[in-house]
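Structure first, then comments.
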Amino acid sequence: MGGIGIDRSRLLLLIVFLGAALGGYAFIDLQILAAGNLTSMAVFAVEVGILALGQTFVICGGDGGVDLSVGAIAALSQVLLGLVLKDRLAWELGVLAALCAGAVMGLANGLAYAVLRIPSIIVTLATMFAFYGLALVFTGGINIDLTASPPAFLAIGQGSVIGLPFQVLLIYLPVFLACAYLQLFTAFGRGLYLTGTNDLAARLAGIGVNRIRCLTFVIAGVLAALAGVVSAARLGTARPDASETGNLLSIAIVVLGGADIFGGDGSVVGSVLATMVIAVVDYGLSYNNFNPIYQAGVIGVILITSVMAQNLVRFRARQRS
Amino acid sequence: MMSGARGRSRQASKPIPGQAALGRFIASREGVLLVTLLVLGVAIDLGSHGALWYRANVTSFLVDFAITAIPATGMTIVILTGGIDVSTGSMLGLIAALGGKLLAAGWGLAVAVPAFLLLGALFGLVNAVIIIEGAVPPIVATLGTLSIYRMLVFIVLGSAWLTDIPPILTRIFVTTRLGPLPVATLLALAVMAGFAIFLRFFRAGRHIYALGNNEEAARLAGLDVLRIKRASYVLIGIFTGLAALLNLGESPLVQTSTGSGFVLTVIAAVVLGGTELSGGRGTILGTLFGTLIVQLVQDGVVLLHIQPFWSGVLLGLIILVSVGLSHAWHRPAEAA
């Protein structure tokens with residue numbers, strides 16, 4: 001653990017990945033480094049990046065903790081927001097409703113895990129079905145058109161502030177700073193790290209292990225809802241099947257960011273860097289007119305090779321000592 | 001280990017043999033599932049005014065059951081060893097695409113059927129090598145291959161649909177019946193029965209439980225832990241190949257999204273059947289009931305003219321309630 005909660009070899013690996021991806025694309029076409037293209041990358045990164053920040057906390061909590069329902073929470077929150085806007089109520093109310101719904105859904109996950117003691121992968125598998133199902137029920141399976149919403153709402157996903165996209169500067173950046181603060185400077189963050197690395201020791205040290213893990217699901221729920229709000233504002237629609245790949249992509253990002261899927265290690269900073277890598281790879285592929293499905297495949301390759309590289313580094317280190 | 005201890009204490013306190021066995025079964029996970037299944041069945045039968053038993057519905061139910069049950073048997077074994085495979089849906093799509101091309105090019109079943117199974121074994125082996133030789137956690141490794149296999153489906157198919165699949169698969173697996181059951185369903189039941197017996201009565205089958213309960217102890221007891229794991233991933237690959245074959249029999253069409261979302265249904269069936277994700281505990285009989293319940297919910301939603309969107313909600317609730325109940329049930333025993 002370095003000063004920012006990420007080990008140095010992983011930091012280096014991510015920066016190398018990032019440089020290689022950007023460099024590679026720039027070699028094909030230097031135009032990709034133009035400001036307009038870089039901001040487009042950032043816009044794509046925001047939504048999945050927010051999902052990944054929530055996922056980081058859940059995975060850090062250990063006990064095989066993983067949240068498969070983040071995409072579904074984003075979709076259902078987005079649909080609730082859409083319903084509020086369709087009824088011509090204040091858009092602020094819609095955003096508030098979406099965020100509260102996200103918190104409630106996260107709490108449902110957390111309680112099912114902590115009180116009923118069902119493994120989180122089963123809980124969130126079940127709630128993923130349930131939340132996507134409810135989103136379909138509420139909309140009848142039809143997208144809600146939001147293009148006629150108040151401009152102030154659409155600005156969340158389409159506006160810009162001092163030349164930068166609104167959601168990058170005024171949503172993602174503050175959320176990232178808040179998450180980093182939460183992880184590095186609060187009792188919750190330290191408790192989470194101990195819980196993830198050794199939950200028996202944490203329990204004996206008087207840490208409310210179940211409460212902490214429950215809280216990680218609530219955080220993941222609220223952040224997923226936020227991602228849903230941003231994507232609804234960006235696209236001008238609320239879709240009951242939004243963020244279908246969000247759960248797997250967010251897990252991939254967290255693991256690429258250096259988290260141990262079994263808990264403990266993992267950092268907000270690592271997840272942010274990994275989000276940037278994924279965003280660059282993805283944007284570059286679509287910029288060069290590859291079908292988006294290649295993005296998924298390339299991310300799969302990156303995911304596997306990064307864990308293997310990590311294993312190799314650890315193996316070498318053990319041999320040396 | 002724990003389940004063994006609990007089994008013994010129950011045996012020690014049995015009053016009348018026959019009655020006790022019945023009581024034990026009803027109180028067991030499988031018993032709860034059977035009761036759930038019966039209640040669901042009766043409710044759908046009444047609600048649909050008998051439409052449940054129409055021939056077309058029964059056939060599609062039985063074939064859908066087979067397509068889920070065969071990979072679910074493999075998944076049960078993988079999860080028993082303490083692993084998991086989330087790439088099954090993409091793998092099914094990829095095998096269907098490659099095998100479908102073979103069939104569309106005019107190759108006979110004598111070539112195509114082994115090809116489906118071998119492709120499955122190959123992709124399963126790829127997963128196994130990444131997990132074992134690469135030391136990548138199973139969920140991460142198969143999450144990776146999930147997207148890689150899906151990308152390969154796209155590369156194989158382009159954006160076109162593969163529609164010229166010969167009708168022979170439908171003739172063999174769906175319309176041919178032995179007694180009341182389509183061949184696909186018989187195949188699934190045979191696979192399940194075979195592996196239920198294997199897990200219960202064969203030494204190698206017991207080794208799988210030993211490995212799942214305590215890997216370190218299993219290794220120290222001299223089991224070839226890595227070989228068992230590798231075999232389990234290859235096995236689910238072969239079963240996925242078989243399911244891809246049946247899938248083409250049911251709907252002779254392959255598109256780039258074929259099989260997406262399938263793995264979640266399979267895992268839901270296994271988990272509902274009482275197999276624990278931490279490994280070492282679970283039965284094929286449970287998976288059989290779990291698969292039937294999952295399919296019955298999906299079928300029932302259609303028959304009862306409920307908006308199809310409710311099926312996800314219902315499935316989610318059933319998983320939570322059923323797993324939650326069984327955990328509440330077992331907790332006192334585990335605390336002791």
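Residues in the structure tokens are named by chain (A, B, ... in the order shown) and by number from 1 within that chain; ligands are numbered from 1 in the order shown.
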field: DSSP alpha helix (DSSP H) residues within region 141-304 of chain A, listed as a ChimeraX atom specification
entry: /A:151-158,166-167,173-185,187-197,199-204,209-235,246-256,268-287,292-304
- request: Give me the residues within 12 Å of region 127-130 of chain B as a count of residues only, counting only C-alpha atoms and dropping any in the same chain fewer than 5 places off.
  value: 44
query: Counting only C-alpha atoms, which residues from chain A have an atom at most 8 Å from any atom of chain B, and could you show them as a VMD selection string?
result: chain A and resid 112 116 to 119 122 to 123 125 to 134 136 to 137 140 to 141 248 252 255 261 293 to 294 296 to 301 303 to 304 307 to 308 311
With C-alpha atoms retained, write the just-selected residues as a PDB file, in the first residue's frame.
```
ATOM      1  CA  ALA A 112     -30.153  -9.468   2.322  1.00  0.00           C
ATOM      2  CA  LEU A 116     -30.240 -13.106   5.767  1.00  0.00           C
ATOM      3  CA  ARG A 117     -26.574 -14.077   5.274  1.00  0.00           C
ATOM      4  CA  ILE A 118     -26.986 -14.890   1.595  1.00  0.00           C
ATOM      5  CA  PRO A 119     -23.706 -14.629  -0.365  1.00  0.00           C
ATOM      6  CA  ILE A 122     -26.495 -14.611  -5.166  1.00  0.00           C
ATOM      7  CA  VAL A 123     -28.237 -11.603  -3.636  1.00  0.00           C
ATOM      8  CA  LEU A 125     -27.873 -11.903  -9.123  1.00  0.00           C
ATOM      9  CA  ALA A 126     -31.437 -12.119  -7.820  1.00  0.00           C
ATOM     10  CA  THR A 127     -31.904  -8.363  -7.436  1.00  0.00           C
ATOM     11  CA  MET A 128     -30.417  -7.828 -10.887  1.00  0.00           C
ATOM     12  CA  PHE A 129     -33.285  -9.894 -12.334  1.00  0.00           C
ATOM     13  CA  ALA A 130     -35.766  -8.132 -10.061  1.00  0.00           C
ATOM     14  CA  PHE A 131     -34.648  -4.527 -10.736  1.00  0.00           C
ATOM     15  CA  TYR A 132     -34.431  -4.989 -14.504  1.00  0.00           C
ATOM     16  CA  GLY A 133     -37.813  -6.697 -14.346  1.00  0.00           C
ATOM     17  CA  LEU A 134     -39.354  -3.803 -12.422  1.00  0.00           C
ATOM     18  CA  LEU A 136     -39.592  -3.178 -17.680  1.00  0.00           C
ATOM     19  CA  VAL A 137     -42.854  -3.365 -15.727  1.00  0.00           C
ATOM     20  CA  GLY A 140     -44.010  -1.509 -20.397  1.00  0.00           C
ATOM     21  CA  GLY A 141     -40.689  -2.185 -22.100  1.00  0.00           C
ATOM     22  CA  LEU A 248     -19.331  -6.926 -15.747  1.00  0.00           C
ATOM     23  CA  ALA A 252     -13.415  -5.665 -14.872  1.00  0.00           C
ATOM     24  CA  VAL A 255      -9.879  -5.777 -10.974  1.00  0.00           C
ATOM     25  CA  ILE A 261     -11.358 -10.026  -6.072  1.00  0.00           C
ATOM     26  CA  ILE A 293     -18.352  -5.700 -29.666  1.00  0.00           C
ATOM     27  CA  TYR A 294     -14.557  -5.660 -30.121  1.00  0.00           C
ATOM     28  CA  ALA A 296     -15.807  -6.094 -24.914  1.00  0.00           C
ATOM     29  CA  GLY A 297     -13.348  -8.639 -26.291  1.00  0.00           C
ATOM     30  CA  VAL A 298     -10.339  -6.370 -25.869  1.00  0.00           C
ATOM     31  CA  ILE A 299     -11.414  -5.583 -22.301  1.00  0.00           C
ATOM     32  CA  GLY A 300     -11.644  -9.323 -21.633  1.00  0.00           C
ATOM     33  CA  VAL A 301      -8.081  -9.785 -22.868  1.00  0.00           C
ATOM     34  CA  LEU A 303      -8.616  -8.184 -17.708  1.00  0.00           C
ATOM     35  CA  ILE A 304      -7.038 -11.632 -17.924  1.00  0.00           C
ATOM     36  CA  VAL A 307      -4.199 -10.427 -13.458  1.00  0.00           C
ATOM     37  CA  MET A 308      -1.643 -12.804 -14.979  1.00  0.00           C
ATOM     38  CA  ASN A 311       0.695 -12.955 -10.573  1.00  0.00           C
TER      39      ASN A 311
END
```
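Between Leu111 (chain A) and the residues A:Ala232, A:Leu51, A:Ile212, A:Met276, the shortest atom-to-atom distance, using only C-alpha atoms, involves A:Ile212.
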Please provide as a PDB file with C-alpha atoms, in the first residue's frame all residues within 7 Å of region 199-208 of chain B, with the sequence filter that same-chain residues fewer than 3 positions apart are discarded (counting only C-alpha atoms).
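Listed below is the output, around.pdb:
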```pdb
ATOM      1  CA  LEU B  80     -19.002 -27.924  -6.021  1.00  0.00           C
ATOM      2  CA  THR B  81     -15.242 -27.698  -6.595  1.00  0.00           C
ATOM      3  CA  PHE B 195     -23.771 -37.537 -12.753  1.00  0.00           C
ATOM      4  CA  ALA B 196     -25.999 -37.841  -9.701  1.00  0.00           C
ATOM      5  CA  LEU B 211     -12.031 -30.628  -2.813  1.00  0.00           C
ATOM      6  CA  GLY B 212     -14.878 -28.152  -2.457  1.00  0.00           C
TER       7      GLY B 212
END
```
message: Which residues are near Gly94 (chain A)? Cut-off 7 Å, only C-alpha atoms, ignore same chain within fewer than 4 positions. Put them as a ChimeraX atom specification.
response: /A:81,84-85,90,98
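Shell of Gly102 (chain A) at 6 Å, with only C-alpha atoms counted and residues fewer than 2 places along the chain excluded, is A:Leu99, A:Cys100, A:Val104, A:Met105, A:Gly221, A:Val222, A:Ala225.
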Given the selection you just returned, output its residues as a file containing N, CA and C atoms, formatted as an mmCIF file, in the first residue's frame.
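Dumped everything to out_5.cif:
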```
data_model
loop_
_atom_site.group_PDB
_atom_site.id
_atom_site.type_symbol
_atom_site.label_atom_id
_atom_site.label_comp_id
_atom_site.auth_asym_id
_atom_site.auth_seq_id
_atom_site.Cartn_x
_atom_site.Cartn_y
_atom_site.Cartn_z
ATOM 1 N N LEU A 99 -31.896 8.982 -6.935
ATOM 2 C CA LEU A 99 -30.808 8.717 -5.990
ATOM 3 C C LEU A 99 -31.328 7.971 -4.754
ATOM 4 N N CYS A 100 -32.515 8.380 -4.256
ATOM 5 C CA CYS A 100 -33.084 7.690 -3.097
ATOM 6 C C CYS A 100 -33.394 6.244 -3.450
ATOM 7 N N VAL A 104 -32.103 2.875 -1.626
ATOM 8 C CA VAL A 104 -32.997 1.825 -1.115
ATOM 9 C C VAL A 104 -32.636 0.469 -1.721
ATOM 10 N N MET A 105 -32.372 0.456 -3.036
ATOM 11 C CA MET A 105 -32.015 -0.808 -3.682
ATOM 12 C C MET A 105 -30.692 -1.336 -3.125
ATOM 13 N N GLY A 221 -25.174 1.459 -4.616
ATOM 14 C CA GLY A 221 -26.519 1.728 -5.119
ATOM 15 C C GLY A 221 -26.704 3.192 -5.494
ATOM 16 N N VAL A 222 -26.290 4.092 -4.605
ATOM 17 C CA VAL A 222 -26.445 5.525 -4.874
ATOM 18 C C VAL A 222 -25.625 5.919 -6.106
ATOM 19 N N ALA A 225 -27.215 4.761 -9.264
ATOM 20 C CA ALA A 225 -28.341 5.627 -9.624
ATOM 21 C C ALA A 225 -27.833 6.909 -10.267
#
```
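Nearest to Gln298 (chain B) of all the residues B:Ile284, B:Ile70, B:Leu40, B:Leu118 is B:Leu40, counting only C-alpha atoms.
Compared by their closest atoms to Leu96 (chain A), and using only C-alpha atoms, the residues A:Leu226, A:Gly208, A:Asn37, A:Val218 rank with A:Leu226 nearest.
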task: Fewer than 4 positions away in the same chain doesn't count, so skip those; otherwise give me all residues within 9 Å of Gly264 (chain A), counting only C-alpha atoms, as number ranges by chain.
output: A: 59-62, 192-198, 259-260
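Residues with any atom within 7 Å of Leu162 (chain B), counting only C-alpha atoms and excluding same-chain neighbours fewer than 2 positions away, are Ala160, Asp164, Leu253, Val254 and Gln255 of chain B.
The residue that comes closest to Glu250 (chain B), out of B:Met192, B:Ala97, B:Leu37, B:Ile165 and on the basis of only C-alpha atoms, is B:Ile165.
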task: Please measure the separation of CA of Val32 (chain B) and CA of Ser322 (chain B), giving the value in Å to one decimal.
output: 8.6 Å
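Reported to one decimal place, the separation of CA of Val111 (chain B) from CA of Ala184 (chain B) is 19.2 Å.
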